[in-house]
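Down below is the structure, laid out as structure tokens.
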Amino acid sequence: MTRALAARFTNMHDFLLAKEIIRELEKIVREKGLNKPKKVSLEIGSVVLTHDGMPEHTEDINLENLEFGLESIAKNTILKGVKFDIKKITGENWKITDIEVE
């Protein structure tokens with residue numbers, strides 16, 4: 001695999017995770033009736049993904065790309081303008097640790 005192709009797939013994984021996180025945040029905001037979320041804290045480890053018929057595999061997520069993906073997707077949702085505080089952790093998971101509202 002070329003370096004450019006590897007970078008493209010890595011960016012794709014970061015974007016797929018961003019979509020998953022935004023979907024989960026929208027669900028939480030709706031279910032809890034939160035008004036105007038302003039900051040979301042996340043912990044991100046290596047993430048196990050399955051997509052496009054590919055077998056399950058672990059990807060190390062680039063936090064810069066993830067933040068860009070989160071902000072890009074959020075601007076068309078109730079999460080527009082939210083600041084994302086992302087912390088890298090060990091392990092194979094991600095979690096939302098806090099949602100601050102106005």
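Ordering of the structure tokens sets the chain letters (A, B, ...), residue numbers begin anew at 1 in every chain, and ligands are numbered from 1 in the order given.
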
Which parts of stretch 13-94 of chain A does DSSP call alpha helix (DSSP H) when run on the backbone here, written out as number ranges by chain? A: 13-32, 63-74

Export, as a JSON list (two decimals), in the first residue's frame, the selected residues with N, CA and C atoms.
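part-v3.json, freshly written:
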[["chain", "number", "residue", "atom", "x", "y", "z"],
["A", 13, "HIS", "N", -10.97, 6.34, 8.38],
["A", 13, "HIS", "CA", -11.30, 5.77, 9.68],
["A", 13, "HIS", "C", -11.59, 6.87, 10.70],
["A", 14, "ASP", "N", -10.79, 7.93, 10.65],
["A", 14, "ASP", "CA", -11.02, 9.05, 11.56],
["A", 14, "ASP", "C", -12.40, 9.66, 11.30],
["A", 15, "PHE", "N", -12.76, 9.81, 10.03],
["A", 15, "PHE", "CA", -14.05, 10.39, 9.66],
["A", 15, "PHE", "C", -15.21, 9.47, 10.04],
["A", 16, "LEU", "N", -15.04, 8.16, 9.84],
["A", 16, "LEU", "CA", -16.08, 7.21, 10.24],
["A", 16, "LEU", "C", -16.32, 7.28, 11.74],
["A", 17, "LEU", "N", -15.25, 7.39, 12.51],
["A", 17, "LEU", "CA", -15.40, 7.50, 13.96],
["A", 17, "LEU", "C", -16.07, 8.82, 14.32],
["A", 18, "ALA", "N", -15.71, 9.90, 13.65],
["A", 18, "ALA", "CA", -16.35, 11.20, 13.91],
["A", 18, "ALA", "C", -17.85, 11.10, 13.69],
["A", 19, "LYS", "N", -18.27, 10.45, 12.60],
["A", 19, "LYS", "CA", -19.71, 10.28, 12.33],
["A", 19, "LYS", "C", -20.38, 9.50, 13.45],
["A", 20, "GLU", "N", -19.73, 8.45, 13.92],
["A", 20, "GLU", "CA", -20.29, 7.62, 14.99],
["A", 20, "GLU", "C", -20.42, 8.43, 16.29],
["A", 21, "ILE", "N", -19.41, 9.22, 16.60],
["A", 21, "ILE", "CA", -19.44, 10.03, 17.82],
["A", 21, "ILE", "C", -20.55, 11.09, 17.74],
["A", 22, "ILE", "N", -20.66, 11.76, 16.60],
["A", 22, "ILE", "CA", -21.70, 12.79, 16.43],
["A", 22, "ILE", "C", -23.09, 12.16, 16.56],
["A", 23, "ARG", "N", -23.31, 11.00, 15.96],
["A", 23, "ARG", "CA", -24.61, 10.31, 16.09],
["A", 23, "ARG", "C", -24.92, 10.02, 17.56],
["A", 24, "GLU", "N", -23.92, 9.54, 18.30],
["A", 24, "GLU", "CA", -24.13, 9.23, 19.72],
["A", 24, "GLU", "C", -24.40, 10.50, 20.52],
["A", 25, "LEU", "N", -23.66, 11.56, 20.23],
["A", 25, "LEU", "CA", -23.89, 12.82, 20.93],
["A", 25, "LEU", "C", -25.28, 13.39, 20.65],
["A", 26, "GLU", "N", -25.72, 13.33, 19.41],
["A", 26, "GLU", "CA", -27.07, 13.81, 19.08],
["A", 26, "GLU", "C", -28.12, 13.02, 19.85],
["A", 27, "LYS", "N", -27.92, 11.73, 19.94],
["A", 27, "LYS", "CA", -28.86, 10.87, 20.69],
["A", 27, "LYS", "C", -28.89, 11.27, 22.17],
["A", 28, "ILE", "N", -27.73, 11.47, 22.76],
["A", 28, "ILE", "CA", -27.66, 11.85, 24.19],
["A", 28, "ILE", "C", -28.31, 13.21, 24.41],
["A", 29, "VAL", "N", -28.01, 14.17, 23.55],
["A", 29, "VAL", "CA", -28.57, 15.53, 23.69],
["A", 29, "VAL", "C", -30.09, 15.48, 23.60],
["A", 30, "ARG", "N", -30.63, 14.70, 22.65],
["A", 30, "ARG", "CA", -32.09, 14.58, 22.52],
["A", 30, "ARG", "C", -32.69, 13.89, 23.74],
["A", 31, "GLU", "N", -32.12, 12.74, 24.12],
["A", 31, "GLU", "CA", -32.68, 11.95, 25.22],
["A", 31, "GLU", "C", -32.66, 12.70, 26.55],
["A", 32, "LYS", "N", -31.62, 13.47, 26.79],
["A", 32, "LYS", "CA", -31.49, 14.19, 28.07],
["A", 32, "LYS", "C", -32.04, 15.61, 27.99],
["A", 63, "LEU", "N", -5.81, 12.32, 16.10],
["A", 63, "LEU", "CA", -6.69, 13.24, 16.83],
["A", 63, "LEU", "C", -6.97, 14.52, 16.05],
["A", 64, "GLU", "N", -6.00, 15.02, 15.30],
["A", 64, "GLU", "CA", -6.23, 16.22, 14.49],
["A", 64, "GLU", "C", -7.29, 15.96, 13.43],
["A", 65, "ASN", "N", -7.16, 14.83, 12.73],
["A", 65, "ASN", "CA", -8.15, 14.48, 11.71],
["A", 65, "ASN", "C", -9.52, 14.24, 12.33],
["A", 66, "LEU", "N", -9.53, 13.59, 13.49],
["A", 66, "LEU", "CA", -10.80, 13.33, 14.18],
["A", 66, "LEU", "C", -11.48, 14.63, 14.56],
["A", 67, "GLU", "N", -10.72, 15.57, 15.12],
["A", 67, "GLU", "CA", -11.30, 16.85, 15.52],
["A", 67, "GLU", "C", -11.86, 17.59, 14.30],
["A", 68, "PHE", "N", -11.12, 17.58, 13.20],
["A", 68, "PHE", "CA", -11.60, 18.21, 11.97],
["A", 68, "PHE", "C", -12.90, 17.56, 11.52],
["A", 69, "GLY", "N", -12.95, 16.22, 11.53],
["A", 69, "GLY", "CA", -14.17, 15.51, 11.15],
["A", 69, "GLY", "C", -15.33, 15.82, 12.06],
["A", 70, "LEU", "N", -15.10, 15.86, 13.38],
["A", 70, "LEU", "CA", -16.16, 16.18, 14.34],
["A", 70, "LEU", "C", -16.71, 17.58, 14.07],
["A", 71, "GLU", "N", -15.82, 18.55, 13.90],
["A", 71, "GLU", "CA", -16.27, 19.93, 13.68],
["A", 71, "GLU", "C", -17.00, 20.07, 12.34],
["A", 72, "SER", "N", -16.51, 19.37, 11.32],
["A", 72, "SER", "CA", -17.15, 19.44, 10.00],
["A", 72, "SER", "C", -18.55, 18.86, 10.02],
["A", 73, "ILE", "N", -18.71, 17.73, 10.67],
["A", 73, "ILE", "CA", -20.02, 17.07, 10.73],
["A", 73, "ILE", "C", -20.95, 17.84, 11.67],
["A", 74, "ALA", "N", -20.43, 18.31, 12.80],
["A", 74, "ALA", "CA", -21.26, 18.98, 13.81],
["A", 74, "ALA", "C", -21.88, 20.27, 13.30]]

Each residue of stretch 54-86 of chain A lying at most 10 Å from stretch 93-102 of chain A should get a row with its shortest atom-to-atom pair and the distance in Å to one decimal, counting only C-alpha atoms; could you produce that, ordered by chain and increasing number, as JSON lines?
{"residue": "A:Thr58", "atom": "CA", "partner": "A:Asn93", "partner_atom": "CA", "distance": 9.9}
{"residue": "A:Val82", "atom": "CA", "partner": "A:Glu100", "partner_atom": "CA", "distance": 9.3}
{"residue": "A:Lys83", "atom": "CA", "partner": "A:Glu100", "partner_atom": "CA", "distance": 9.6}
{"residue": "A:Phe84", "atom": "CA", "partner": "A:Ile99", "partner_atom": "CA", "distance": 9.6}
{"residue": "A:Asp85", "atom": "CA", "partner": "A:Asp98", "partner_atom": "CA", "distance": 9.4}
{"residue": "A:Ile86", "atom": "CA", "partner": "A:Ile96", "partner_atom": "CA", "distance": 9.4}

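The two atoms in question, atom CA of A:Lys88 and atom CA of A:Ile44, are spaced 5.0 Å apart.
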
For A:Asn11, which residue among A:Lys36, A:Ser46, A:Gly91, A:Ile61 is the nearest when counting only C-alpha atoms? A:Ile61

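The space separating atom CA of A:Asn62 from atom CA of A:Ile78 comes to 24.5 Å.
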